[in-house]
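Participant: First the structure, which I've put down as structure tokens, then a few questions once you've had a look.
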Protein chains: 2
Amino acid sequence: MLQISKRGIDMPASPIRKLVPFAEAAKKRGTKVYHLNIGQPDIETPKMVLDAVRHSDFKVLEYSHSAGNESYRKKLVGYYKTVGIDVNEKQIIITTGGSEAILFGFMACLDAGDEVIIPEPFYANYNGFAVEAGVTVVPITSYIENGFALPPIEDIEAKITPRTKAIVICNPNNPTGYLYSAAEMEQLKNIILKHNLYLFSDEAYREFCYEGTQISALHLTGVDDHVVIMDTISKRYSACGGRIGAFITKNQALLDATMKFAQARLSPPSFAQIAGEAAIDLPANYFDDTKAEYKSRRDLIVTRLNAMEGVFCPNPGGAFYAIAKLPIDDADTFCQWLLEDFAFENQTVMLAPATGFYGTPGLGKQEVRLAYVLNLEDINKAMDCLEAALKVYPGLIK
Amino acid sequence: MLQISKRGIDMPASPIRKLVPFAEAAKKRGTKVYHLNIGQPDIETPKMVLDAVRHSDFKVLEYSHSAGNESYRKKLVGYYKTVGIDVNEKQIIITTGGSEAILFGFMACLDAGDEVIIPEPFYANYNGFAVEAGVTVVPITSYIENGFALPPIEDIEAKITPRTKAIVICNPNNPTGYLYSAAEMEQLKNIILKHNLYLFSDEAYREFCYEGTQISALHLTGVDDHVVIMDTISKRYSACGGRIGAFITKNQALLDATMKFAQARLSPPSFAQIAGEAAIDLPANYFDDTKAEYKSRRDLIVTRLNAMEGVFCPNPGGAFYAIAKLPIDDADTFCQWLLEDFAFENQTVMLAPATGFYGTPGLGKQEVRLAYVLNLEDINKAMDCLEAALKVYPGLIK
């Protein structure tokens with residue numbers, strides 16, 4: 001019998017996608033399903049971004065430079081300047097989505113058996129990339145009670161071993177929406193300096209901050225060699241399908257190593273690089289509308305959630321996610337029940353059980369993640385469903 | 001001091017791209033450089049393929065299914081039927097280039113320390129993906145004297161250990177152009193059955209066969225669970241920048257495992273999937289012209305090479321590469337010398353030293369790979385340069 005590799009077995013299935021068959025069955029029964037489970041924005045991709053691809057006039061769809069088109073990287077330098085990040089085009093490697101930037105970081109900085117510390121709950125696919133790289137994820141728990149703030153510095157330090165090579169943060173955070181404060185970023189700086197670690201900062205949601213602004217890891221001073229930014233155009237311009245991201249560091253040795261990984265896969269996608277480059281020319285106020293829309297949604301969803309009996313949802317500072325604690329026995333069972341056994345006015349809601357975002361087994365069993373990627377009307381209807389469900393779910397805990 | 005990972009150090013730099021600075025310097029001096037060094041076809045991407053993207057009218061550039069758009073996979077089923085491969089849309093995972101299909105195969109079938117046997121010379125980036133997966137490449141030498149035919153079965157078997165999990169072939173071959181015979185494919189079938197191995201078959205150049213037709217690994221009977229095809233639209237439709245490939249197997253357990261890797265990176269690029277899907281509708285005779293063009297080029301380049309004193313170039317059966325043995329001391333030195341110290345009528349030629357395609361140190365020192373991706377006139381001029389160079393190169397071996 002032919003064997004699958006151990007890592008093929010260890011590779012986690014997507015915790016978000018495992019409920020899909022139940023959602024499909026619900027739809028077949030004629031039930032309307034509100035999708036708050038995935039981070040696919042409903043916001044339209046800016047027309048000028050799509051038009052740049054549609055009006056392109058090359059004759060051969062060629063490989064680009066392995067680091068991405070130089071013209072695009074040069075324009076990105078200007079974009080980063082607008083958010084207070086001073087990099088040059090040689091410090092940017094265009095990647096196939098933020099996903100590849102994360103994988104490159106794990107591959108180039110950590111060996112099999114090395115450890116990476118990640119505050120949990122965290123973006124579930126970090127687990128997958130860690131399995132691919134043979135890296136051990138060491139979760140450090142953040143808590144809903146204080147809005148998922150950075151865990152105390154001594155808790156983080158207690159997890160550091162000789163195999164620890166990096167700390168990963170996502171800021172603002174997916175799945176919690178937490179926006180790290182300047183003081184927390186300084187604490188991280190001190191830790192990475194003291195213990196000689198890399199800081200991988202996933203800044204996919206940089207623009208979507210509703211309380212203050214984001215402190216980028218590249219705003220920190222004196223840690224240039226330590227910091228890697230994993231970036232993506234997916235959420236910023238609602239361009240998830242483009243699969244364009246960026247790996248950014250000022251560490252020359254790391255850039256040189258990472259370029260070898262980039263060369264092995266030849267180049268990032270050519271069409272979407274055109275889209276990404278065009279996006280830099282969006283008017284300076286482009287994010288105002290999008291941000292205002294997301295903020296209204298956040299305000300609505302958080303208000304609605306906290307008005308439900310036994311529900312607690314901290315107010316997220318950024319991104320477009322919220323985690324809520326529900327009076328339920330088991331989030332996985334509940335989310336499946338919502339799709340399989342429940343309907344309110346022939347409608348139901350699809351949520352992501354938070355268990356999939358924790359590295360520590362058993363955590364998150366009363367929590368769900370909600371992505372506010374639907375319009376206000378739909379969010380209201382989805383919250384009506386959830387409110388009704390929390391009156392009749394058999395596994396309620398009072 | 002922060003460290004690069006061991007695999008970041010072990011990761012090979014592209015053997016093809018390391019001469020680029022010398023080519024750039026030559027161009028700055030005003031020397032015309034004929035690029036026979038890389039597999040970027042000059043053939044135009046079919047207009048209808050590019051137009052499909054340009055005329056697309058969606059409003060949100062969304063994630064696709066992690067396995068790729070179902071509509072595309074369903075059309076691919078029809079394409080594969082035309083080349084005698086019977087698969088359904090659930091046996092196809094669309095990948096980000098053929099590169100990702102290879103990486104997925106290594107990741108899902110092999111663990112760190114496992115071994116994969118590859119006839120050398122081989123596509124250099126297999127090395128990179130092997131480093132990423134912690135897999136050991138065990139080269140088995142094929143020889144220019146017999147046109148790089150499959151090494152004798154007993155040579156292959158002698159390399160098999162308990163850690164051997166797979167054999168990789170590229171057919172027709174990059175870099176040799178060799179087209180495996182039906183008898184050789186049967187021999188491979190017997191080995192993988194006898195030793196319970198996977199057969200990874202990179203079939204990027206399937207359509208470009210000039211002596212007979214390709215035997216796909218999926219034409220073999222009784223080995224469905226063993227075979228994985230790594231495919232790509234890059235060369236087929238001159239669409240390298242799209243970054244669209246495919247991982248194809250009938251092994252359900254392997255499909256399930258590979259889907260987890262596909263889910264972790266969310267989805268393949270959306271724009272180029274539209275291009276790939278449109279390409280299926282190209283007229284049945286689309287490849288006739290392209291193939292005729294490549295065949296003329298092959299005939300010319302092989303004839304010109306063999307007419308040079310001390311040069312031997314076997315006639316490749318497919319793809320658009322040839323490897324030639326030259327009367328030189330060292331291919332790396334020679335290829336650099338061509339760019340740095342030589343010009344013929346203010347022109348020179350860029351070749352790929354074959355050393356980068358061998359896993360065994362020291363092999364290929366008298367060999368170069370030529371990609372015939374230029375038109376006949378340019379190939380003639382490039383051969384004029386090479387012919388002149390082989391009269392004056394200081395490291396000639398008579």
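Naming scheme: A, B, ... for chains in displayed order of the structure tokens; residues 1 onward per chain; ligands 1 onward as shown.
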Determine which residues of chain B sit within 6 Å of chain A, taking into account only C-alpha atoms, and present them as an MDAnalysis selection string.
Facilitator: chainID B and resid 4:5 8 13 44:45 54 59:63 99 108:111 125 128 239:243 257 260 264:265 269:270
Participant: Write to file, as a PDB file, in the first residue's frame, the residues of the selection just made, with C-alpha atoms.
Facilitator:
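What ended up in part.pdb:
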```
ATOM      1  CA  ILE B   4      19.214  31.932   8.077  1.00  0.00           C
ATOM      2  CA  SER B   5      17.802  28.400   8.280  1.00  0.00           C
ATOM      3  CA  GLY B   8      17.781  28.645   3.390  1.00  0.00           C
ATOM      4  CA  ALA B  13      20.499  29.488  -6.455  1.00  0.00           C
ATOM      5  CA  GLU B  44       2.716  34.673 -28.780  1.00  0.00           C
ATOM      6  CA  THR B  45       0.107  33.636 -26.250  1.00  0.00           C
ATOM      7  CA  ARG B  54      -9.516  41.060 -20.981  1.00  0.00           C
ATOM      8  CA  LYS B  59     -16.931  42.753 -10.068  1.00  0.00           C
ATOM      9  CA  VAL B  60     -15.054  41.087  -7.217  1.00  0.00           C
ATOM     10  CA  LEU B  61     -11.729  39.325  -7.753  1.00  0.00           C
ATOM     11  CA  GLU B  62     -12.664  36.495  -5.402  1.00  0.00           C
ATOM     12  CA  TYR B  63     -10.831  33.466  -4.102  1.00  0.00           C
ATOM     13  CA  SER B  99       6.019  24.386  -9.689  1.00  0.00           C
ATOM     14  CA  ALA B 108       2.186  14.911   0.387  1.00  0.00           C
ATOM     15  CA  CYS B 109       4.119  11.782  -0.574  1.00  0.00           C
ATOM     16  CA  LEU B 110       7.523  12.199   1.058  1.00  0.00           C
ATOM     17  CA  ASP B 111       8.754  13.108   4.506  1.00  0.00           C
ATOM     18  CA  ASN B 125      14.263  23.457  -9.650  1.00  0.00           C
ATOM     19  CA  GLY B 128      14.825  23.543  -4.737  1.00  0.00           C
ATOM     20  CA  ALA B 239       1.461  31.397 -20.833  1.00  0.00           C
ATOM     21  CA  CYS B 240       4.331  31.135 -18.344  1.00  0.00           C
ATOM     22  CA  GLY B 241       3.323  34.239 -16.391  1.00  0.00           C
ATOM     23  CA  GLY B 242      -0.161  32.930 -15.667  1.00  0.00           C
ATOM     24  CA  ARG B 243       1.194  30.531 -13.074  1.00  0.00           C
ATOM     25  CA  ALA B 257      -4.015  14.955   1.512  1.00  0.00           C
ATOM     26  CA  LYS B 260      -5.168  20.207   2.538  1.00  0.00           C
ATOM     27  CA  ALA B 264      -3.710  26.268   3.214  1.00  0.00           C
ATOM     28  CA  ARG B 265      -2.739  28.597   0.344  1.00  0.00           C
ATOM     29  CA  PRO B 269      -4.645  32.710  -9.329  1.00  0.00           C
ATOM     30  CA  SER B 270      -8.103  33.666 -10.614  1.00  0.00           C
TER      31      SER B 270
END
```
Participant: Please provide the set of residues having any atom within 9 Å of Asn315 of chain B, restricted to only C-alpha atoms, with same-chain residues fewer than 6 positions apart removed, written as a list of chain:residue names.
Facilitator: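 What passes the distance filter is B:Gly147, B:Gly177, B:Tyr178, B:Arg298, B:Asp299, B:Val302, B:Thr303, B:Ala322.
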Participant: Would you give me, as a PyMOL selection string, the residues in segment 96-317 of chain B that DSSP reads as strand (DSSP E or B)?
Facilitator: chain B and resi 115-120+136-141+164-170+198-202+209+227-232+245-249+312
Participant: Just the residues within 12 Å of His35 of chain A, please, counting only C-alpha atoms, with nothing from its chain fewer than 4 positions along; format it as number ranges by chain.
Facilitator: A: 16-17, 19-20, 23-24, 27, 39-42, 335, 338-339, 347-352, 369-375, 378-379, 381-383, 385
Participant: I need the residues from that last selection saved to file as a short mmCIF file (atom, residue, chain, number, x, y, z; two decimals), in the first residue's frame (with C-alpha atoms), if you can.
Facilitator:
```cif
data_model
loop_
_atom_site.label_atom_id
_atom_site.label_comp_id
_atom_site.auth_asym_id
_atom_site.auth_seq_id
_atom_site.Cartn_x
_atom_site.Cartn_y
_atom_site.Cartn_z
CA ILE A 16 -13.44 27.00 8.02
CA ARG A 17 -14.20 24.80 5.06
CA LEU A 19 -18.71 22.89 7.44
CA VAL A 20 -19.20 23.62 3.75
CA ALA A 23 -24.09 24.72 4.24
CA GLU A 24 -24.57 23.22 0.79
CA LYS A 27 -29.09 25.63 0.61
CA GLY A 39 -12.85 36.44 4.96
CA GLN A 40 -13.99 36.92 1.37
CA PRO A 41 -15.03 40.60 1.25
CA ASP A 42 -18.18 41.51 -0.64
CA CYS A 335 -22.09 25.85 14.03
CA LEU A 338 -27.06 26.06 12.78
CA LEU A 339 -26.71 24.64 9.28
CA GLN A 347 -32.73 31.54 7.02
CA THR A 348 -29.63 30.65 8.99
CA VAL A 349 -26.08 31.85 9.56
CA MET A 350 -22.73 30.22 8.96
CA LEU A 351 -20.03 30.98 11.55
CA ALA A 352 -16.51 29.72 12.08
CA ARG A 369 -15.46 34.01 14.67
CA LEU A 370 -17.68 36.31 12.64
CA ALA A 371 -16.35 37.97 9.46
CA TYR A 372 -18.37 41.10 8.80
CA VAL A 373 -18.15 40.82 5.05
CA LEU A 374 -21.88 41.31 4.42
CA ASN A 375 -23.85 44.53 4.15
CA ASP A 378 -27.69 41.08 5.86
CA ILE A 379 -25.73 41.38 9.09
CA LYS A 381 -30.72 39.32 9.41
CA ALA A 382 -27.82 37.06 10.32
CA MET A 383 -27.91 38.41 13.88
CA CYS A 385 -30.94 34.17 13.15
#
```
Participant: Mind giving me the straight-line distance from atom CA of Phe22 of chain A to atom CA of Ile38 of chain A in Å, one decimal?
Facilitator: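 Spanning atom CA of Phe22 of chain A to atom CA of Ile38 of chain A is a straight-line distance of 14.9 Å.
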Participant: I'd like the interatomic distance between atom CA of Glu120 of chain B and atom CA of Leu305 of chain B, to a tenth of an Å.
Facilitator: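 We find that atom CA of Glu120 of chain B and atom CA of Leu305 of chain B lie 21.9 Å from each other.
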Participant: Among segment 51-294 of chain B, which residues carry a DSSP assignment of helix (DSSP H, G or I), reported as a VMD selection string?
Facilitator: chain B and resid 51 to 54 70 to 82 89 to 91 97 to 109 125 to 133 144 to 146 153 to 159 182 to 195 217 to 219 240 to 242 252 to 264 270 to 279 286 to 294
Participant: So how far away is atom CA of Arg236 of chain A from atom CA of Val168 of chain A, in Å?
Facilitator: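 According to the coordinates, atom CA of Val168 of chain A and atom CA of Arg236 of chain A are separated by 20.2 Å.
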Participant: Given only C-alpha atoms as the basis, pick out the residue of B:Arg304, B:Lys81, B:Lys18, B:Arg206 nearest to Asn171 of chain B.
Facilitator: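 Nearest to Asn171 of chain B: B:Arg206.
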Participant: I'd like to know which of A:Ile118, A:Ala149, A:Ala284, A:Ala331 is closest to Pro316 of chain A, using only C-alpha atoms.
Facilitator: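 Result for the nearest residue to Pro316 of chain A: A:Ala149.
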